[in-house]
file input.txt (compact mmCIF, C-alpha atoms)
# COMPACT_ATOMS: atom_id res chain seq x y z
CA ILE A 145 -8.09 -29.00 17.71
CA LEU A 146 -7.92 -25.27 18.42
CA ASN A 147 -9.62 -24.28 21.64
CA VAL A 148 -10.46 -20.91 23.15
CA GLU A 149 -11.19 -20.91 26.88
CA GLN A 150 -12.93 -18.11 28.74
CA SER A 151 -13.16 -17.70 32.47
CA PRO A 152 -15.11 -17.31 34.54
CA GLN A 153 -18.21 -18.73 32.85
CA SER A 154 -20.42 -16.27 34.71
CA LEU A 155 -19.99 -13.38 37.07
CA HIS A 156 -22.33 -11.41 39.32
CA VAL A 157 -21.09 -8.04 40.54
CA GLN A 158 -22.53 -4.97 42.20
CA GLU A 159 -22.89 -1.69 40.36
CA GLY A 160 -19.64 0.22 40.67
CA ASP A 161 -17.43 -2.86 41.00
CA SER A 162 -14.57 -3.30 38.56
CA THR A 163 -14.17 -6.71 37.01
CA ASN A 164 -12.06 -8.62 34.54
CA PHE A 165 -12.34 -11.77 32.43
CA THR A 166 -9.77 -14.00 30.80
CA CYS A 167 -9.54 -15.45 27.30
CA SER A 168 -6.93 -18.16 26.69
CA PHE A 169 -5.98 -19.26 23.19
CA PRO A 170 -3.23 -21.23 21.44
CA SER A 171 -0.16 -19.03 21.16
CA SER A 172 1.09 -20.56 17.92
CA ASN A 173 -0.02 -19.25 14.52
CA PHE A 174 -1.72 -16.26 16.09
CA TYR A 175 -3.34 -13.82 13.68
CA ALA A 176 -5.91 -11.77 15.61
CA LEU A 177 -8.12 -11.76 18.68
CA HIS A 178 -11.60 -10.27 18.76
CA TRP A 179 -13.77 -9.31 21.73
CA TYR A 180 -17.55 -9.08 21.34
CA ARG A 181 -20.34 -8.06 23.66
CA TRP A 182 -23.66 -9.88 23.23
CA GLU A 183 -26.79 -8.63 24.92
CA THR A 184 -29.86 -10.83 25.03
CA ALA A 185 -32.03 -10.57 21.90
CA LYS A 186 -29.45 -8.40 20.14
CA SER A 187 -26.57 -9.01 17.73
CA PRO A 188 -23.03 -9.56 19.01
CA GLU A 189 -21.27 -6.20 18.89
CA ALA A 190 -17.54 -5.85 18.28
CA LEU A 191 -15.55 -4.28 21.11
CA PHE A 192 -11.94 -4.76 20.06
CA VAL A 193 -9.79 -6.40 17.40
CA MET A 194 -6.25 -6.97 18.63
CA THR A 195 -3.35 -8.16 16.54
CA LEU A 196 -0.07 -7.21 18.21
CA ASN A 197 1.55 -8.67 21.31
CA GLY A 198 1.26 -6.10 24.08
CA ASP A 199 -1.72 -4.38 22.46
CA GLU A 200 -3.89 -2.44 24.86
CA LYS A 201 -7.22 -1.07 23.68
CA LYS A 202 -9.79 1.05 25.45
CA LYS A 203 -13.39 2.06 24.79
CA GLY A 204 -14.93 4.10 27.57
CA ARG A 205 -14.83 2.05 30.77
CA ILE A 206 -13.85 -1.14 28.94
CA SER A 207 -10.27 -2.04 28.09
CA ALA A 208 -8.40 -5.11 26.90
CA THR A 209 -4.84 -6.36 26.83
CA LEU A 210 -3.19 -9.01 24.69
CA ASN A 211 -0.29 -11.39 25.30
CA THR A 212 0.26 -13.51 22.21
CA LYS A 213 3.40 -15.22 23.52
CA GLU A 214 1.60 -16.82 26.44
CA GLY A 215 -1.80 -16.96 24.72
CA TYR A 216 -4.14 -14.83 26.79
CA SER A 217 -6.16 -11.65 26.71
CA TYR A 218 -7.84 -9.81 29.56
CA LEU A 219 -10.98 -7.70 29.33
CA TYR A 220 -11.48 -5.15 32.10
CA ILE A 221 -14.62 -3.22 32.99
CA LYS A 222 -14.13 -0.31 35.36
CA GLY A 223 -17.06 0.75 37.53
CA SER A 224 -19.58 -1.77 36.16
CA GLN A 225 -23.06 -0.49 35.37
CA PRO A 226 -26.29 -2.49 34.92
CA GLU A 227 -26.14 -1.77 31.19
CA ASP A 228 -22.85 -3.70 31.05
CA SER A 229 -24.81 -6.89 31.73
CA ALA A 230 -24.18 -9.11 28.71
CA THR A 231 -22.18 -12.09 27.52
CA TYR A 232 -18.64 -11.20 26.54
CA LEU A 233 -17.12 -13.39 23.83
CA CYS A 234 -13.59 -13.65 22.63
CA ALA A 235 -12.70 -15.14 19.27
CA PHE A 236 -9.36 -16.17 17.87
CA ILE A 237 -8.12 -16.28 14.29
CA VAL A 238 -5.19 -18.43 13.19
CA VAL A 239 -2.86 -17.59 10.37
CA GLY A 240 -2.45 -20.08 7.60
CA SER A 241 -4.07 -21.08 4.38
CA GLY A 242 -7.78 -21.68 4.63
CA ASN A 243 -8.08 -20.20 8.07
CA THR A 244 -8.13 -16.49 7.49
CA GLY A 245 -11.42 -15.00 8.60
CA LYS A 246 -12.58 -18.03 10.57
CA LEU A 247 -13.41 -16.93 14.12
CA ILE A 248 -12.96 -19.58 16.81
CA PHE A 249 -15.12 -18.49 19.71
CA GLY A 250 -14.88 -19.19 23.40
CA GLN A 251 -18.01 -20.07 25.35
CA GLY A 252 -18.27 -16.56 26.73
CA THR A 253 -18.41 -14.94 30.14
CA THR A 254 -21.89 -13.83 31.22
CA LEU A 255 -21.79 -10.73 33.38
CA GLN A 256 -24.71 -9.66 35.56
CA VAL A 257 -24.41 -6.25 37.22
CA LYS A 258 -26.83 -5.67 40.09
CA PRO A 259 -27.99 -2.10 40.77
CA LYS B 111 -25.89 2.61 6.94
CA ALA B 112 -28.06 -0.50 7.21
CA GLY B 113 -26.72 -3.34 9.33
CA VAL B 114 -26.57 -7.03 8.56
CA THR B 115 -30.02 -8.37 7.80
CA GLN B 116 -30.99 -11.98 8.29
CA THR B 117 -34.27 -13.48 7.18
CA PRO B 118 -36.36 -15.03 8.41
CA ARG B 119 -35.91 -14.31 12.13
CA TYR B 120 -37.75 -17.42 13.24
CA LEU B 121 -38.47 -20.68 11.50
CA ILE B 122 -40.08 -23.98 12.44
CA LYS B 123 -39.41 -26.98 10.24
CA THR B 124 -40.07 -30.70 10.40
CA ARG B 125 -37.37 -33.38 10.46
CA GLY B 126 -36.34 -34.36 6.96
CA GLN B 127 -37.25 -31.03 5.40
CA GLN B 128 -34.75 -28.56 4.05
CA VAL B 129 -34.34 -24.90 4.88
CA THR B 130 -32.70 -21.86 3.32
CA LEU B 131 -31.57 -18.89 5.40
CA SER B 132 -30.63 -15.54 3.94
CA CYS B 133 -28.10 -12.90 4.93
CA SER B 134 -27.65 -9.43 3.43
CA PRO B 135 -24.32 -7.95 4.53
CA ILE B 136 -23.51 -4.31 5.12
CA SER B 137 -23.18 -2.47 1.82
CA GLY B 138 -19.61 -2.73 0.54
CA HIS B 139 -18.72 -5.73 2.68
CA ARG B 140 -17.50 -8.70 0.67
CA SER B 141 -16.88 -11.28 3.36
CA VAL B 142 -19.80 -13.20 4.86
CA SER B 143 -19.45 -15.90 7.51
CA TRP B 144 -22.03 -18.15 9.11
CA TYR B 145 -22.07 -19.48 12.68
CA GLN B 146 -24.28 -21.88 14.60
CA GLN B 147 -25.10 -21.67 18.27
CA THR B 148 -26.82 -24.61 19.93
CA PRO B 149 -27.86 -24.65 23.61
CA GLY B 150 -24.81 -24.89 25.83
CA GLN B 151 -22.38 -24.46 22.94
CA GLY B 152 -20.35 -21.49 21.84
CA LEU B 153 -20.63 -20.09 18.36
CA GLN B 154 -19.40 -22.70 15.88
CA PHE B 155 -18.04 -21.65 12.50
CA LEU B 156 -19.94 -23.02 9.51
CA PHE B 157 -18.39 -21.37 6.45
CA GLU B 158 -17.02 -18.16 5.03
CA TYR B 159 -17.56 -16.62 1.63
CA PHE B 160 -15.55 -13.89 -0.01
CA SER B 161 -16.24 -12.57 -3.49
CA GLU B 162 -18.65 -15.44 -4.23
CA THR B 163 -16.09 -18.11 -3.29
CA GLN B 164 -16.18 -20.34 -0.25
CA ARG B 165 -12.89 -19.60 1.51
CA ASN B 166 -13.26 -21.74 4.56
CA LYS B 167 -15.53 -24.43 5.92
CA GLY B 168 -16.14 -25.62 9.44
CA ASN B 169 -16.55 -29.15 10.67
CA PHE B 170 -20.17 -29.71 9.66
CA PRO B 171 -21.73 -32.47 7.55
CA GLY B 172 -22.38 -32.01 3.86
CA ARG B 173 -26.06 -31.32 4.60
CA PHE B 174 -24.94 -27.78 5.39
CA SER B 175 -24.12 -25.74 2.32
CA GLY B 176 -24.02 -22.13 1.30
CA ARG B 177 -23.41 -19.71 -1.48
CA GLN B 178 -22.74 -16.04 -2.09
CA PHE B 179 -24.12 -13.93 -4.87
CA SER B 180 -22.46 -11.15 -6.86
CA ASN B 181 -24.08 -8.53 -4.60
CA SER B 182 -22.45 -10.28 -1.59
CA ARG B 183 -25.77 -11.55 -0.25
CA SER B 184 -25.40 -15.07 1.07
CA GLU B 185 -27.65 -18.01 1.67
CA MET B 186 -27.12 -21.15 3.67
CA ASN B 187 -29.05 -24.32 3.14
CA VAL B 188 -29.56 -27.27 5.43
CA SER B 189 -31.02 -30.39 3.86
CA THR B 190 -32.60 -33.38 5.57
CA LEU B 191 -33.07 -31.51 8.82
CA GLU B 192 -32.39 -33.25 12.11
CA LEU B 193 -33.59 -32.31 15.59
CA GLY B 194 -30.01 -31.38 16.47
CA ASP B 195 -30.00 -28.67 13.81
CA SER B 196 -32.26 -26.57 16.03
CA ALA B 197 -30.11 -23.58 16.76
CA LEU B 198 -29.52 -19.89 16.33
CA TYR B 199 -27.77 -19.23 13.02
CA LEU B 200 -25.79 -16.01 12.88
CA CYS B 201 -24.35 -14.33 9.85
CA ALA B 202 -21.47 -11.87 10.03
CA SER B 203 -20.09 -9.51 7.41
CA SER B 204 -16.71 -7.84 7.15
CA PRO B 205 -15.12 -5.49 4.62
CA GLN B 206 -12.29 -8.02 4.31
CA GLN B 207 -11.19 -11.21 5.96
CA GLY B 208 -9.40 -11.62 9.22
CA SER B 209 -8.18 -8.61 11.09
CA THR B 210 -11.23 -6.40 10.81
CA GLU B 211 -14.18 -6.69 13.12
CA ALA B 212 -17.18 -8.71 12.06
CA PHE B 213 -20.66 -7.19 12.08
CA PHE B 214 -23.33 -9.65 13.08
CA GLY B 215 -26.98 -9.92 12.19
CA GLN B 216 -29.60 -10.76 14.78
CA GLY B 217 -29.76 -14.34 13.64
CA THR B 218 -32.34 -16.84 12.51
CA ARG B 219 -33.76 -19.07 15.21
CA LEU B 220 -34.45 -22.47 13.61
CA THR B 221 -36.53 -25.04 15.44
CA VAL B 222 -36.77 -28.55 14.02
CA VAL B 223 -39.67 -30.62 15.29

call {"tool": "encode", "arguments": {"input": "input.txt", "output": "structure tokens"}}
result
Amino acid sequence: ILNVEQSPQSLHVQEGDSTNFTCSFPSSNFYALHWYRWETAKSPEALFVMTLNGDEKKKGRISATLNTKEGYSYLYIKGSQPEDSATYLCAFIVVGSGNTGKLIFGQGTTLQVKP
Amino acid sequence: KAGVTQTPRYLIKTRGQQVTLSCSPISGHRSVSWYQQTPGQGLQFLFEYFSETQRNKGNFPGRFSGRQFSNSRSEMNVSTLELGDSALYLCASSPQQGSTEAFFGQGTRLTVV
């Protein structure tokens, strides 16, 4: 059974703090890793799609790194703002027949940023 | 460009009934996937359609089925509803499978009573 683990489960930080979350996934048969941000009552919104070992991606104050050999990805938020409050999901795709396109999601990390 | 549209947004059904949920993907997208989120669970993959063919299926009973039409719109059907089917059902569309990001709809909240 393929499992994606995210930690921590939840996080409360003060405005201006920098924070990071971890996504762990099976390192074999890796195809791609996705990060999504999901605000309450909205649709999950794609942040990054990462495919290569050593990938680093950045969007504004949010960045992510990928290590496919050891099976983890980090998501960093620099200078958290209240509008960053959301659940951050990572999802893993395995290579292999019948599996392409199937996203295996972690449980998410819920971030609360206090003003 | 219109986003992914799911209808209806909310639905209440009785045990034993069946339900059909609809998803209209972003124009030009050919891949549509469905996910279920129950309380305390992460998003669980139901199935994926690409060019009207089911390409992948998650670990759900046969009561859960789906289809995709030639215009890429997709429907999922759940027959003989159980209380445990109460969940948020999300649809996602992509231009192609796999390495491109998925665009999600806002979901259909199904409550089975």

call {"tool": "interface_residues", "arguments": {"input": "input.txt", "of": "chain B", "to": "chain A", "cutoff": "8 Å", "atoms": "all atoms listed in the file", "output": "PyMOL selection string"}}
result
chain B and resi 143+151-155+157-158+165-166+207-217

call {"tool": "atom_distance", "arguments": {"input": "input.txt", "atom1": "CA of Tyr145 in chain B", "atom2": "CA of Cys167 in chain A"}}
result
19.7 Å

call {"tool": "atom_distance", "arguments": {"input": "input.txt", "atom1": "CA of Asn173 in chain A", "atom2": "CA of Gly168 in chain B"}}
result
18.1 Å

call {"tool": "atom_distance", "arguments": {"input": "input.txt", "atom1": "CA of Asn197 in chain A", "atom2": "CA of Thr212 in chain A"}}
result
5.1 Å
